[in-house]
Every structure is written in structure tokens, then in C-alpha cells.
>>> print(open('final_11.tsv').read())   # TSV, N, CA and C atoms and all ligand atoms
chain	number	residue	atom	x	y	z
X	1	MET	N	37.61	111.87	316.68
X	1	MET	CA	37.57	110.72	315.78
X	1	MET	C	38.99	110.44	315.30
X	2	ASN	N	39.44	109.22	315.55
X	2	ASN	CA	40.80	108.91	315.09
X	2	ASN	C	40.79	108.46	313.63
X	3	ARG	N	41.99	108.22	313.12
X	3	ARG	CA	42.15	107.92	311.69
X	3	ARG	C	41.45	106.63	311.27
X	4	SER	N	41.53	105.59	312.12
X	4	SER	CA	40.93	104.29	311.74
X	4	SER	C	39.40	104.37	311.73
X	5	SER	N	38.82	105.14	312.67
X	5	SER	CA	37.36	105.26	312.66
X	5	SER	C	36.89	106.09	311.46
X	6	THR	N	37.69	107.07	311.08
X	6	THR	CA	37.36	107.86	309.89
X	6	THR	C	37.36	106.97	308.65
X	7	LEU	N	38.37	106.11	308.57
X	7	LEU	CA	38.48	105.19	307.44
X	7	LEU	C	37.31	104.21	307.45
X	8	PHE	N	36.92	103.73	308.67
X	8	PHE	CA	35.79	102.81	308.77
X	8	PHE	C	34.50	103.49	308.30
X	9	THR	N	34.30	104.72	308.68
X	9	THR	CA	33.11	105.47	308.27
X	9	THR	C	33.08	105.64	306.76
X	10	ALA	N	34.24	105.95	306.21
X	10	ALA	CA	34.30	106.13	304.76
X	10	ALA	C	33.97	104.84	304.03
X	11	VAL	N	34.54	103.72	304.50
X	11	VAL	CA	34.27	102.43	303.86
X	11	VAL	C	32.81	102.05	304.03
X	12	SER	N	32.24	102.32	305.21
X	12	SER	CA	30.83	102.00	305.45
X	12	SER	C	29.92	102.79	304.51
X	13	SER	N	30.25	104.07	304.30
X	13	SER	CA	29.40	104.88	303.43
X	13	SER	C	29.50	104.43	301.97
X	14	TRP	N	30.64	103.88	301.58
X	14	TRP	CA	30.78	103.38	300.20
X	14	TRP	C	29.84	102.21	299.97
X	15	ARG	N	29.64	101.42	301.04
X	15	ARG	CA	28.82	100.21	300.88
X	15	ARG	C	27.35	100.51	300.64
X	16	ARG	N	26.91	101.73	300.94
X	16	ARG	CA	25.50	102.07	300.72
X	16	ARG	C	25.18	102.16	299.23
X	17	PHE	N	26.19	102.41	298.44
X	17	PHE	CA	25.98	102.55	297.00
X	17	PHE	C	26.23	101.22	296.31
X	18	PRO	N	25.42	100.88	295.30
X	18	PRO	CA	25.67	99.63	294.58
X	18	PRO	C	27.03	99.68	293.89
X	19	VAL	N	27.74	98.63	294.05
X	19	VAL	CA	29.08	98.56	293.46
X	19	VAL	C	29.03	97.67	292.23
X	20	SER	N	29.52	98.18	291.14
X	20	SER	CA	29.59	97.39	289.92
X	20	SER	C	30.90	96.62	289.91
X	21	SER	N	30.81	95.37	289.63
X	21	SER	CA	32.04	94.59	289.52
X	21	SER	C	32.71	94.93	288.19
X	22	ALA	N	33.95	94.57	288.07
X	22	ALA	CA	34.67	94.86	286.83
X	22	ALA	C	33.99	94.19	285.64
X	23	SER	N	33.47	92.99	285.85
X	23	SER	CA	32.84	92.30	284.73
X	23	SER	C	31.55	93.00	284.30
X	24	THR	N	30.81	93.58	285.26
X	24	THR	CA	29.60	94.32	284.91
X	24	THR	C	29.95	95.55	284.09
X	25	MET	N	30.99	96.26	284.54
X	25	MET	CA	31.43	97.44	283.79
X	25	MET	C	31.88	97.03	282.39
X	26	GLN	N	32.60	95.92	282.30
X	26	GLN	CA	33.10	95.47	281.01
X	26	GLN	C	31.93	95.12	280.09
X	27	ARG	N	30.88	94.48	280.64
X	27	ARG	CA	29.72	94.11	279.84
X	27	ARG	C	29.03	95.34	279.26
X	28	ARG	N	29.03	96.45	280.04
X	28	ARG	CA	28.40	97.67	279.54
X	28	ARG	C	29.15	98.22	278.35
X	29	LEU	N	30.46	98.01	278.30
X	29	LEU	CA	31.27	98.51	277.19
X	29	LEU	C	31.22	97.59	275.99
X	30	MET	N	30.75	96.35	276.17
X	30	MET	CA	30.70	95.40	275.07
X	30	MET	C	29.59	95.75	274.10
X	31	SER	N	29.79	95.43	272.85
X	31	SER	CA	28.75	95.66	271.86
X	31	SER	C	28.31	94.34	271.25
X	32	SER	N	27.01	94.23	270.99
X	32	SER	CA	26.50	93.04	270.34
X	32	SER	C	26.28	93.30	268.85
X	33	LYS	N	26.40	94.56	268.45
X	33	LYS	CA	26.30	94.93	267.04
X	33	LYS	C	27.67	95.43	266.58
X	34	PRO	N	28.00	95.18	265.32
X	34	PRO	CA	29.29	95.68	264.84
X	34	PRO	C	29.32	97.21	264.80
X	35	VAL	N	30.49	97.76	265.01
X	35	VAL	CA	30.67	99.20	264.90
X	35	VAL	C	31.51	99.48	263.65
X	36	ALA	N	31.26	100.61	263.03
X	36	ALA	CA	32.00	100.97	261.83
X	36	ALA	C	33.44	101.32	262.21
X	37	ALA	N	34.39	100.61	261.64
X	37	ALA	CA	35.80	100.93	261.88
X	37	ALA	C	36.21	102.11	261.02
X	38	ALA	N	35.57	102.24	259.86
X	38	ALA	CA	35.83	103.34	258.94
X	38	ALA	C	34.61	103.49	258.05
X	39	ARG	N	34.52	104.61	257.38
X	39	ARG	CA	33.37	104.85	256.49
X	39	ARG	C	33.64	104.36	255.07
X	40	LEU	N	34.88	104.07	254.77
X	40	LEU	CA	35.24	103.62	253.43
X	40	LEU	C	35.94	102.26	253.51
X	41	PRO	N	35.88	101.47	252.44
X	41	PRO	CA	36.52	100.14	252.46
X	41	PRO	C	38.04	100.25	252.47
X	42	LYS	N	38.68	99.17	252.85
X	42	LYS	CA	40.15	99.11	252.86
X	42	LYS	C	40.59	98.29	251.65
X	43	ARG	N	41.51	98.85	250.88
X	43	ARG	CA	42.05	98.12	249.74
X	43	ARG	C	43.26	97.33	250.24
X	44	VAL	N	43.21	96.01	250.08
X	44	VAL	CA	44.31	95.17	250.53
X	44	VAL	C	44.67	94.16	249.44
X	45	LYS	N	45.91	93.75	249.46
X	45	LYS	CA	46.37	92.74	248.52
X	45	LYS	C	46.37	91.40	249.25
X	46	LEU	N	45.63	90.45	248.71
X	46	LEU	CA	45.51	89.14	249.35
X	46	LEU	C	46.31	88.10	248.56
X	47	THR	N	46.78	87.10	249.28
X	47	THR	CA	47.51	85.99	248.67
X	47	THR	C	46.56	84.82	248.50
X	48	GLY	N	46.50	84.27	247.30
X	48	GLY	CA	45.63	83.13	247.04
X	48	GLY	C	46.00	81.92	247.89
X	49	GLY	N	45.00	81.27	248.47
X	49	GLY	CA	45.24	80.08	249.28
X	49	GLY	C	45.60	80.37	250.72
X	50	LYS	N	45.85	81.63	251.06
X	50	LYS	CA	46.19	81.98	252.44
X	50	LYS	C	44.91	82.26	253.22
X	51	ARG	N	44.89	81.86	254.48
X	51	ARG	CA	43.70	82.03	255.31
X	51	ARG	C	43.76	83.38	256.03
X	52	TYR	N	42.65	84.12	255.98
X	52	TYR	CA	42.57	85.43	256.63
X	52	TYR	C	41.38	85.44	257.60
X	53	ALA	N	41.45	86.34	258.56
X	53	ALA	CA	40.33	86.54	259.48
X	53	ALA	C	39.91	88.00	259.39
X	54	TRP	N	38.75	88.23	258.79
X	54	TRP	CA	38.22	89.59	258.62
X	54	TRP	C	37.50	90.01	259.90
X	55	CYS	N	37.81	91.19	260.39
X	55	CYS	CA	37.18	91.72	261.61
X	55	CYS	C	35.72	92.01	261.31
X	56	ALA	N	34.82	91.34	262.01
X	56	ALA	CA	33.39	91.55	261.82
X	56	ALA	C	32.80	92.48	262.87
X	57	CYS	N	33.53	92.71	263.97
X	57	CYS	CA	32.98	93.53	265.05
X	57	CYS	C	33.33	95.01	264.89
X	58	GLY	N	34.44	95.30	264.23
X	58	GLY	CA	34.86	96.69	264.02
X	58	GLY	C	35.79	97.23	265.09
X	59	HIS	N	36.14	96.42	266.08
X	59	HIS	CA	36.98	96.89	267.19
X	59	HIS	C	38.47	96.64	266.97
X	60	SER	N	38.83	95.87	265.98
X	60	SER	CA	40.24	95.55	265.74
X	60	SER	C	41.05	96.80	265.41
X	61	GLN	N	42.27	96.84	265.88
X	61	GLN	CA	43.18	97.95	265.55
X	61	GLN	C	43.96	97.64	264.28
X	62	LYS	N	43.77	96.43	263.74
X	62	LYS	CA	44.47	96.03	262.51
X	62	LYS	C	43.49	95.90	261.36
X	63	GLN	N	42.58	96.83	261.22
X	63	GLN	CA	41.55	96.76	260.17
X	63	GLN	C	42.16	96.56	258.79
X	64	PRO	N	41.54	95.76	257.96
X	64	PRO	CA	40.25	95.10	258.14
X	64	PRO	C	40.35	93.71	258.76
X	65	PHE	N	41.51	93.40	259.31
X	65	PHE	CA	41.71	92.06	259.85
X	65	PHE	C	41.53	92.01	261.37
X	66	CYS	N	41.28	90.82	261.86
X	66	CYS	CA	41.02	90.61	263.28
X	66	CYS	C	42.31	90.66	264.09
X	67	ASP	N	42.25	91.31	265.25
X	67	ASP	CA	43.38	91.29	266.18
X	67	ASP	C	42.99	90.68	267.53
X	68	GLY	N	41.77	90.10	267.58
X	68	GLY	CA	41.32	89.46	268.82
X	68	GLY	C	40.54	90.38	269.74
X	69	ALA	N	40.31	91.63	269.34
X	69	ALA	CA	39.61	92.60	270.20
X	69	ALA	C	38.18	92.17	270.49
X	70	HIS	N	37.58	91.37	269.62
X	70	HIS	CA	36.19	90.93	269.82
X	70	HIS	C	36.04	90.10	271.09
X	71	ARG	N	37.11	89.45	271.52
X	71	ARG	CA	37.03	88.59	272.71
X	71	ARG	C	36.60	89.39	273.94
X	72	THR	N	37.05	90.64	274.04
X	72	THR	CA	36.68	91.45	275.20
X	72	THR	C	35.59	92.47	274.88
X	73	LEU	N	35.58	93.00	273.66
X	73	LEU	CA	34.66	94.09	273.33
X	73	LEU	C	33.36	93.65	272.67
X	74	ALA	N	33.37	92.51	271.99
X	74	ALA	CA	32.16	92.02	271.31
X	74	ALA	C	32.21	90.50	271.21
X	75	PRO	N	32.09	89.81	272.36
X	75	PRO	CA	32.25	88.35	272.36
X	75	PRO	C	31.20	87.60	271.55
X	76	ASP	N	30.10	88.26	271.21
X	76	ASP	CA	29.06	87.60	270.40
X	76	ASP	C	29.34	87.66	268.91
X	77	ILE	N	30.36	88.42	268.52
X	77	ILE	CA	30.66	88.59	267.10
X	77	ILE	C	32.01	87.96	266.79
X	78	ALA	N	31.99	86.92	265.98
X	78	ALA	CA	33.24	86.23	265.63
X	78	ALA	C	33.78	86.76	264.30
X	79	PRO	N	35.09	86.72	264.12
X	79	PRO	CA	35.65	87.15	262.84
X	79	PRO	C	35.26	86.17	261.73
X	80	LEU	N	35.25	86.64	260.51
X	80	LEU	CA	34.95	85.80	259.36
X	80	LEU	C	36.26	85.29	258.77
X	81	ARG	N	36.42	83.99	258.79
X	81	ARG	CA	37.64	83.40	258.21
X	81	ARG	C	37.37	83.08	256.76
X	82	PHE	N	38.30	83.46	255.91
X	82	PHE	CA	38.13	83.20	254.48
X	82	PHE	C	39.47	82.96	253.83
X	83	THR	N	39.43	82.25	252.71
X	83	THR	CA	40.63	81.94	251.95
X	83	THR	C	40.38	82.31	250.49
X	84	PRO	N	41.00	83.38	250.00
X	84	PRO	CA	40.79	83.75	248.60
X	84	PRO	C	41.41	82.71	247.66
X	85	ASP	N	40.74	82.50	246.52
X	85	ASP	CA	41.23	81.53	245.53
X	85	ASP	C	42.49	82.01	244.84
X	86	LYS	N	42.50	83.30	244.51
X	86	LYS	CA	43.64	83.83	243.76
X	86	LYS	C	44.19	85.09	244.40
X	87	GLU	N	45.41	85.42	244.02
X	87	GLU	CA	46.08	86.60	244.55
X	87	GLU	C	45.53	87.85	243.87
X	88	GLY	N	45.46	88.92	244.60
X	88	GLY	CA	45.00	90.17	244.00
X	88	GLY	C	44.55	91.17	245.03
X	89	ALA	N	44.35	92.40	244.55
X	89	ALA	CA	43.88	93.47	245.42
X	89	ALA	C	42.36	93.45	245.45
X	90	VAL	N	41.81	93.60	246.64
X	90	VAL	CA	40.36	93.61	246.83
X	90	VAL	C	40.00	94.74	247.80
X	91	MET	N	38.73	95.07	247.80
X	91	MET	CA	38.22	96.08	248.74
X	91	MET	C	37.47	95.33	249.84
X	92	LEU	N	38.03	95.37	251.06
X	92	LEU	CA	37.38	94.71	252.18
X	92	LEU	C	36.58	95.73	252.98
X	93	CYS	N	35.43	95.34	253.39
X	93	CYS	CA	34.51	96.22	254.10
X	93	CYS	C	35.11	96.67	255.44
X	94	ALA	N	34.97	97.95	255.73
X	94	ALA	CA	35.40	98.50	257.02
X	94	ALA	C	34.23	99.11	257.78
X	95	CYS	N	33.11	99.32	257.09
X	95	CYS	CA	31.94	99.89	257.77
X	95	CYS	C	31.15	98.79	258.50
X	96	LYS	N	31.42	97.54	258.16
X	96	LYS	CA	30.81	96.35	258.79
X	96	LYS	C	29.32	96.21	258.52
X	97	GLN	N	28.86	96.83	257.44
X	97	GLN	CA	27.44	96.72	257.07
X	97	GLN	C	27.24	95.95	255.77
X	98	THR	N	28.31	95.45	255.17
X	98	THR	CA	28.20	94.75	253.90
X	98	THR	C	27.34	93.49	254.02
X	99	LYS	N	26.67	93.17	252.92
X	99	LYS	CA	25.90	91.92	252.86
X	99	LYS	C	26.72	90.84	252.16
X	100	ASN	N	27.94	91.21	251.74
X	100	ASN	CA	28.81	90.30	251.02
X	100	ASN	C	30.17	90.19	251.73
X	101	ALA	N	30.12	89.96	253.04
X	101	ALA	CA	31.36	89.93	253.84
X	101	ALA	C	32.32	88.86	253.31
X	102	PRO	N	33.60	89.18	253.31
X	102	PRO	CA	34.26	90.37	253.83
X	102	PRO	C	34.38	91.50	252.80
X	103	TYR	N	33.80	91.33	251.65
X	103	TYR	CA	34.01	92.30	250.57
X	103	TYR	C	33.02	93.46	250.64
X	104	CYS	N	33.47	94.61	250.20
X	104	CYS	CA	32.63	95.79	250.16
X	104	CYS	C	31.53	95.60	249.11
X	105	ASP	N	30.31	95.97	249.47
X	105	ASP	CA	29.20	95.91	248.51
X	105	ASP	C	28.57	97.28	248.33
X	106	GLY	N	29.20	98.32	248.82
X	106	GLY	CA	28.69	99.68	248.67
X	106	GLY	C	27.78	100.12	249.80
X	107	SER	N	27.57	99.27	250.79
X	107	SER	CA	26.70	99.64	251.91
X	107	SER	C	27.23	100.83	252.70
X	108	HIS	N	28.52	101.13	252.56
X	108	HIS	CA	29.09	102.26	253.30
X	108	HIS	C	28.45	103.59	252.87
X	109	PHE	N	27.90	103.66	251.66
X	109	PHE	CA	27.23	104.89	251.24
X	109	PHE	C	26.02	105.16	252.14
X	110	LYS	N	25.35	104.09	252.55
X	110	LYS	CA	24.20	104.23	253.45
X	110	LYS	C	24.67	104.76	254.82
X	111	VAL	N	25.82	104.25	255.30
X	111	VAL	CA	26.38	104.69	256.58
X	111	VAL	C	26.75	106.17	256.49
X	112	ILE	N	27.39	106.55	255.38
X	112	ILE	CA	27.79	107.96	255.20
X	112	ILE	C	26.54	108.84	255.14
X	113	PHE	N	25.53	108.39	254.40
X	113	PHE	CA	24.30	109.16	254.29
X	113	PHE	C	23.64	109.35	255.66
X	114	GLN	N	23.61	108.28	256.46
X	114	GLN	CA	23.02	108.38	257.80
X	114	GLN	C	23.80	109.37	258.67
X	115	ASP	N	25.14	109.37	258.54
X	115	ASP	CA	25.95	110.33	259.30
X	115	ASP	C	25.63	111.76	258.89
X	116	VAL	N	25.48	111.97	257.59
X	116	VAL	CA	25.17	113.32	257.09
X	116	VAL	C	23.81	113.77	257.62
X	117	VAL	N	22.83	112.87	257.56
X	117	VAL	CA	21.49	113.22	258.06
X	117	VAL	C	21.54	113.57	259.53
X	118	LYS	N	22.29	112.79	260.32
X	118	LYS	CA	22.42	113.08	261.76
X	118	LYS	C	23.05	114.45	261.99
X	119	SER	N	24.12	114.76	261.24
X	119	SER	CA	24.81	116.04	261.45
X	119	SER	C	23.95	117.21	260.99
X	120	VAL	N	23.17	117.03	259.93
X	120	VAL	CA	22.29	118.10	259.46
X	120	VAL	C	21.18	118.35	260.47
X	121	LYS	N	20.65	117.28	261.04
X	121	LYS	CA	19.61	117.43	262.07
X	121	LYS	C	20.15	118.24	263.24
X	122	GLY	N	21.42	118.01	263.59
X	122	GLY	CA	22.05	118.73	264.69
X	122	GLY	C	22.19	120.20	264.40
X	123	VAL	N	22.40	120.57	263.14
X	123	VAL	CA	22.59	121.97	262.76
X	123	VAL	C	21.27	122.74	262.87
X	124	PHE	N	20.16	122.08	262.49
X	124	PHE	CA	18.87	122.77	262.44
X	124	PHE	C	18.02	122.62	263.70
X	125	LYS	N	18.62	122.21	264.82
X	125	LYS	CA	17.86	122.09	266.07
X	125	LYS	C	17.52	123.43	266.63
X	201	LIG	S1	33.04	99.58	253.49
X	201	LIG	FE1	31.36	98.37	254.18
X	201	LIG	S2	30.18	98.06	252.39
X	201	LIG	FE2	31.83	99.29	251.69
>>> encode(input="final_11.tsv", output="C-alpha cells")
Amino acid sequence: MNRSSTLFTAVSSWRRFPVSSASTMQRRLMSSKPVAAARLPKRVKLTGGKRYAWCACGHSQKQPFCDGAHRTLAPDIAPLRFTPDKEGAVMLCACKQTKNAPYCDGSHFKVIFQDVVKSVKGVFK
């Protein structure tokens, strides 16, 4: 068997297996639900009248603000654009479970509690 026939056999055998396209693989990595970027809120100083984009998907590397990561990782989740009336420090949600987006409403305690319950269940298996 020469080198080209060996290569042909190898390529032929690859074709027997279903091949996922890059877009299919990418879709598997995408999330339709927000992921917690952190368990605690981020304290940030906002400027009154300035427009901000709060990350709603949790994939941004610039938490709590959007860096465009949702376009590839969570295309169904858009950032929340908001303009604060006045300047000041606020607590912006990082767990992405708040009912008062973009501000923290204490929902992160539920996320922390769920994590603790999961880890305790793992200990007593
Ligand atoms: S960090 Fe999400 S509710 Fe507090």
C-alpha cells in the first residue's frame, strides 16, 4: 500500500463518522440562559446621563458591562442599555438573576445557597 492509498483509506474512514460543522459545535457551546459571572454584585461608579450596557448573559470579560461576548456565546440574550439619572456608586448584578436589572436585588444569596446545597450533596453521596 503506497502513501496516497493509505491517505485515501484514512479519509474514507473519517467519512463514516458524522462530522459536526464549526457552527454546530459553536451552537453547542452557546447558552440561552444567563450564566453567573460572579456570586456577588460589582460596585461601580456611574456617571449621570452616560449610557451603559450591562452584561445580561454573564459571558463578558468586562463585568458587569458588555464586551460583545453575547454575539457568539449567547446570541439570544442582549445587553441591557441604561442611563443613570445621577452620578454615584451602585451595586450592579453579576449573578444575572436579579429581578431589578441591572441593579442587585439580593438574588445572589439564592445562587450562593444553591451552590452550597449542591456541594453538600456531593459530600454526603
Ligand atoms: S449579584 Fe445578582 S442579585 Fe446581587
>>> atom_distance(input="final_11.tsv", atom1="atom C of Arg43 (chain X)", atom2="atom C of Ala69 (chain X)")
21.5 Å
>>> residues_around(input="final_11.tsv", residues="Ala36 (chain X)", least_positions_apart="5", cutoff="8 Å", atoms="all atoms listed in the file", output="list of chain:residue names")
X:Cys57, X:Gly58, X:His59, X:Ala94, X:Cys95, X:Lys96, X:Gln97
>>> atom_distance(input="final_11.tsv", atom1="CA of Thr47 (chain X)", atom2="CA of Lys86 (chain X)")
6.6 Å
>>> residues_near_ligand(input="final_11.tsv", ligand="ligand LIG 201 (chain X)", cutoff="6 Å", atoms="only N, CA and C atoms and all ligand atoms", output="ChimeraX atom specification")
/X:39-42,92-98,103-109
>>> residues_around(input="final_11.tsv", residues="Asp85 (chain X)", least_positions_apart="6", cutoff="8 Å", atoms="only N, CA and C atoms", output="PyMOL selection string")
chain X and resi 47-50
>>> atom_distance(input="final_11.tsv", atom1="atom N of Ala78 (chain X)", atom2="atom C of Met91 (chain X)")
19.0 Å
>>> closest_residue(input="final_11.tsv", among="X:Val117, X:Val90, X:Met30, X:Ile112", to="Lys45 (chain X)", atoms="only C-alpha atoms")
X:Val90
>>> closest_residue(input="final_11.tsv", among="X:Ala74, X:Phe82, X:Ala89, X:Cys66", to="Ala101 (chain X)", atoms="only C-alpha atoms")
X:Phe82
>>> closest_residue(input="final_11.tsv", among="X:Ile77, X:Glu87, X:Asp67, X:Ser32", to="Val44 (chain X)", atoms="only C-alpha atoms")
X:Glu87
>>> closest_residue(input="final_11.tsv", among="X:Lys118, X:Asp76, X:Phe124, X:Ala38", to="Lys62 (chain X)", atoms="only C-alpha atoms")
X:Ala38
>>> closest_residue(input="final_11.tsv", among="X:Phe113, X:Pro102, X:Gly122, X:Pro84", to="Cys55 (chain X)", atoms="all atoms listed in the file")
X:Pro102
>>> axis_aligned_box(input="final_11.tsv", around="region 95-108 of chain X", padding_each_side="6 Å", output="lines of an AutoDock Vina configuration file")
center_x = 30.1
center_y = 96.2
center_z = 253.6
size_x = 20.5
size_y = 26.7
size_z = 22.5
